[in-house]
Amino acid sequence: MCSMLVCCCRFKVCVTGDGYLFLGSRLGNSILLKYAEKTGDLNPPAAEDDEEAQPEAKKVRLDSTSEEPSSVLLDDMDELEVYGTEAQAGTELASYTFEVCDSIVNIAPVARMVLGEPSFLSEEFSSANQLDLELVGCSGFGKNGALSVLQRSIRAQVVTTFELPGCTDMWTVRSPERPSDKEEEEDEEEEDKKEEASMLSAYHSFLILSRADSSIVLHTAQDINELDHSGFNTKAPTVFAGNMGGNKYILQVCPNSIHILEGDKRLESLDIDDVTIVGCSLADPYAVLLCSDGSLSLVTFQELNELGEPMDSADTEPSKLQLTRHALSSESHVVACSAYKDVSGLFGISQGVQPVEMKNETEAPAVASATAATFQPILGSRLSVDEEDDLLYGDTSADMLFSNAVEHSLPEEPSEPASATQRTVEPDDIVEPTYWCAVCRESGILEIYRLPDFQLAFQFPDFPAGLQLLTDHPEAEQDGEVAQTGILPVHEILLVGLGPKSDRPYLIGRVDQDLFIYQAFRSPTPALTDHLSIRFKKFEHQLLLREKTGRTVTRLTDQDSGKGDREQLMKTRLSQLRVFHDVSGYSGVFVCGHYPHWLFMTDRGAVRAHPMSIDGPITSFAPFTNVNCTEGFLYFNKTEELRICVLPTHMLYDSYWPVRKVPLRATPHSVSFHPESKTYAVVASQPVVNKAAPRVNNDDLEEIEILERDERFIYPTLDKFSLQLYSPVNWEVIPNTRYDFHDWERLTALKTVRLRSQETVSRRKGFIALATTFAFGEEVSARGRILLFDVVDVVPEPGKPLTRYKLKLLCKKDQRGPVTTLEQVDGLLLAAVGQKVYVWDFKDGKDLVGIAFIDTQLYIHTAVSLKNFVLVGDIKKSVSLLRYQEENKSISLISRDIYPLEIFTAEYVVDNKQLGFLVTDTDRNLILYHYQPEALESCGGQRLLRRADINVGSHVNAMFRTPCKTSGAAVSLGCSSDKRHITWFATLDGAIGFLIPMPEKTYRRLLMLQNKMLVSLPHTAGLNPKSFRMFRSRHPGLNNPHRNILDGDLLWRYVGLGHKERVELARQIGTTQGQILQDLTDVEKASSLF
């Protein structure tokens, strides 16, 4: 506990409540603490007759007898005020105990970031054409130092795979039956029986697979076997299957029949011949059936008593299922429905916080009439010019006028606690569950009915419009007149309670190719007395699930298509929104389709959306738990393979990206991935007490002088650097691979370089290269070293598989100046030493031999190579482009930026045959340079030309490049998108972004969209995105901002807009919303690499 408090440097302290303290840190995880006070007397009161305890001045005055009584009394009063009474009261100091309640993951500051290969990749995914990668970055400071392992998509761990062709859907159900192979001994204790029974009840007993004309039922015990004889209907396809009666019974819904089973024994069946069931939604004990003609039916489950009779009646013929058909009054057919069991307390009739507290409902008209009568003479009287100005411009007199009117109009009531209908539901309150059904019609009307009587409680007229707020509109027409031309079809809706307790209602809908997510919240007043007092706010998720370009919109209207076409379309549709509970401890919704996604919600209440594109499109999904697979899931991929998987538990999914933090208990400075051994080299430092000081003798040699001080002297601390290898299998330290540097030696560069070697067929071999600098102080000149290590594969020790690799020092070359950076160029090693750049050849794997050098600027601290070109960045003199020529063994300057610029890091931008140079500076700018010798302002190519710039708002200290993703989804970023590279960057604030080249037409189209969105959308807190992204500089220069870089954060807000706003913005720039969304989808799919 103490170490966690000490390591929270650079933090903000905030008291969040009674007994809670929040520590927000920029260099580590932010934590929520619970503190409790402990009181104790640390200083006991002194005795009254203790003369030694009195002040010296007071004792002198008491001994003095020469003063008069009045003066003595006056002095005593002064002393009493200064020193207090003789009986000194003890000081009670309070001590506190702290307990960590929660923490927020923080990967900032990202000092370095590299690409690596994941170690937990299943064999089914290892044969993919596109290599799966992961990001590893250095995060934190001091004891908060850690390695952050990041992945954009979720990579499931496959347990086994089955080939089941022809299956279209599947469900997993539980059963209280014990598997036949789980026999129980007679002398077993009763507690063990209950514990084993509860464990078995959590297992899924049956897996139901649906085909085009039949169904398959599998018994999922120790082995998965098909049931030949059971009560399930296997001669018809299954529409839905689920548990009812507290997981005691199984409900199977077929197109023309309904079956209730206990285990594999059928108890009852209901045949439906006049209509075809195309959908079902379950909220135990109710099941809502959607028929092909757009009607709804309600199936009610009744629990029977010991006599075989219903609990609430005494029928002669008891039945567990009751089928009731409800003809909802509307000419518009129902296209989607969802049953919901509410345990949050939000779904209550006429509940909510009223604007005026009232004792009963009869006071509402009286108060309203009194308020109207009070405001009538005020608003109806003739006002002077001054009074009108006060009302228009908000003078305080007008505020006082209206406030006084309201105070006099409302009756005075004694202060009483809010009633049950006016207060919000506390977490500890017992909420009686209520049952509801959300319905969406062809005309776009969204309705919510109360079950089982189907009483209308909420209505919104235009759900496919995708508005930001859904409110109750009881006056909306239900006869189809509100339907608009070109309305988008609603494929599916889902009203579900998310969170560990399922107490956060969310409304999710699939409209055309978009996904709408709405969160329910309490409304101040209901529209009607018998309606819900709730509203739905749109959640901006920025998920793009579009399948292909130019897809025509299918409308479910009788004018465009016949009734038979609509019924045929509804029969072939599948549910893609799958609710899951307790999958590796998480709950949420899985979105099937061409681009599958997970929607998680944890205890913190935030919805996290993570893609799972590693196996392509997913047609069906179901949670699954049995003896061999605990808290796992099943899914069908595009090749009709059934995979049984588990969710990797080493990753944290309550974040924007799945992340795993590996604590180092030290400050990480750099990390590098070694491909041959698949290990990571990490350089970290820890503060140590320094009792020595460097000195220079008469021969200009350094000497170390040991300083001896008394025990009260506080010695300074010095950062001690070390190199260590880590295995990505379990992220543990590889034994005997630690290399400690000297006390005053600091690391300046760590890279994995591929140098020329005769040991491999490719004539290249990877080595770990390090550059160090000795910083003794101002009196001693700085010098450095170049170290080359090789990771050797040896025979591991018995029982220690991590001892397979050893770290071997191959070369150690001292330099007379500080070695500031390293890079590889054409199989050679490039190093910046002082104000020179050297090129070395690693001869015979033993020694570095100098080949060429060139004089540069002040301090080169970054270098990146591409073929035989090297881009170097100076700490004050911007960037320079160098070229190494193998023919004459020389390195020369091609071009440079003549304007001063404080560089943080640099990287290339590859766009087919064009090459750019991207740099970051201290003013949080991204600047793009081009080498164009044919341009007049480049002076024949001697100057690099600035072509684009943007301000990202954070310091960028790490950059790297990856090719655009071309496998899997079709990417239309130009005809040769495989030759485009994405330049990624990580900031010191923990953010990750990328820069991607775009075709000219796409850029122009999105640029016009960006300009329209700047003036059409409201700005957050009144802050203009255009002014925020403008180039900024502390030093005025002669260059004008070039821009030419689009703001992706602003453009992605287009995805969260409503249908009308999208169409209007697209019309203003002369295009369609489908084209704009396709452009954004191409960017999203091209960058989905991790």
# chains A, B, ... in the order shown; residues from 1 in each chain; ligands from 1
call {"tool": "select_by_dssp", "arguments": {"residues": "range 634-866 of chain A", "states": "helix (DSSP H, G or I)", "output": "ChimeraX atom specification"}}
result
/A:801-804
call {"tool": "write_last_selection", "arguments": {"atoms": "N, CA and C atoms", "output": "CSV table (one decimal), in the first residue's frame"}}
result
chain,number,residue,atom,x,y,z
A,801,PRO,N,12.2,-23.9,-18.8
A,801,PRO,CA,12.2,-23.6,-20.3
A,801,PRO,C,12.6,-22.3,-20.6
A,802,LEU,N,12.6,-21.3,-19.7
A,802,LEU,CA,13.0,-19.9,-20.0
A,802,LEU,C,14.5,-19.8,-20.2
A,803,THR,N,15.3,-20.8,-19.7
A,803,THR,CA,16.7,-20.7,-19.8
A,803,THR,C,17.2,-21.1,-21.1
A,804,ARG,N,16.3,-21.2,-22.1
A,804,ARG,CA,16.7,-21.6,-23.5
A,804,ARG,C,17.6,-20.5,-24.1
call {"tool": "closest_residue", "arguments": {"among": "A:Gly605, A:Gly1058, A:Thr238, A:Gly827", "to": "Leu488 in chain A", "atoms": "only C-alpha atoms"}}
result
A:Gly1058
call {"tool": "residues_around", "arguments": {"residues": "Lys235 in chain A", "least_positions_apart": "5", "cutoff": "8 Å", "atoms": "only C-alpha atoms", "output": "number ranges by chain"}}
result
A: 213-215
call {"tool": "write_last_selection", "arguments": {"atoms": "all heavy atoms", "output": "PDB file, in the first residue's frame"}}
result
ATOM      1  N   ASP A 213     -33.626 -27.344 -43.160  1.00  0.00           N
ATOM      2  CA  ASP A 213     -34.828 -28.157 -43.068  1.00  0.00           C
ATOM      3  C   ASP A 213     -34.841 -29.080 -41.869  1.00  0.00           C
ATOM      4  O   ASP A 213     -35.739 -29.909 -41.729  1.00  0.00           O
ATOM      5  CB  ASP A 213     -34.993 -29.000 -44.335  1.00  0.00           C
ATOM      6  CG  ASP A 213     -33.755 -29.840 -44.627  1.00  0.00           C
ATOM      7  OD1 ASP A 213     -32.747 -29.673 -43.915  1.00  0.00           O
ATOM      8  OD2 ASP A 213     -33.782 -30.650 -45.578  1.00  0.00           O
ATOM      9  N   SER A 214     -33.871 -28.975 -40.971  1.00  0.00           N
ATOM     10  CA  SER A 214     -33.809 -29.874 -39.819  1.00  0.00           C
ATOM     11  C   SER A 214     -32.992 -29.214 -38.713  1.00  0.00           C
ATOM     12  O   SER A 214     -32.494 -28.101 -38.858  1.00  0.00           O
ATOM     13  CB  SER A 214     -33.195 -31.231 -40.209  1.00  0.00           C
ATOM     14  OG  SER A 214     -31.856 -31.047 -40.661  1.00  0.00           O
ATOM     15  N   SER A 215     -32.847 -29.957 -37.599  1.00  0.00           N
ATOM     16  CA  SER A 215     -32.074 -29.482 -36.455  1.00  0.00           C
ATOM     17  C   SER A 215     -31.231 -30.624 -35.924  1.00  0.00           C
ATOM     18  O   SER A 215     -31.573 -31.809 -36.095  1.00  0.00           O
ATOM     19  CB  SER A 215     -32.988 -28.950 -35.342  1.00  0.00           C
ATOM     20  OG  SER A 215     -33.733 -27.844 -35.792  1.00  0.00           O
TER      21      SER A 215
END
call {"tool": "residues_around", "arguments": {"residues": "Ala852 in chain A", "least_positions_apart": "4", "cutoff": "8 Å", "atoms": "only C-alpha atoms", "output": "ChimeraX atom specification"}}
result
/A:838-840,889-891
call {"tool": "atom_distance", "arguments": {"atom1": "CA of His326 in chain A", "atom2": "CA of Val278 in chain A"}}
result
16.1 Å
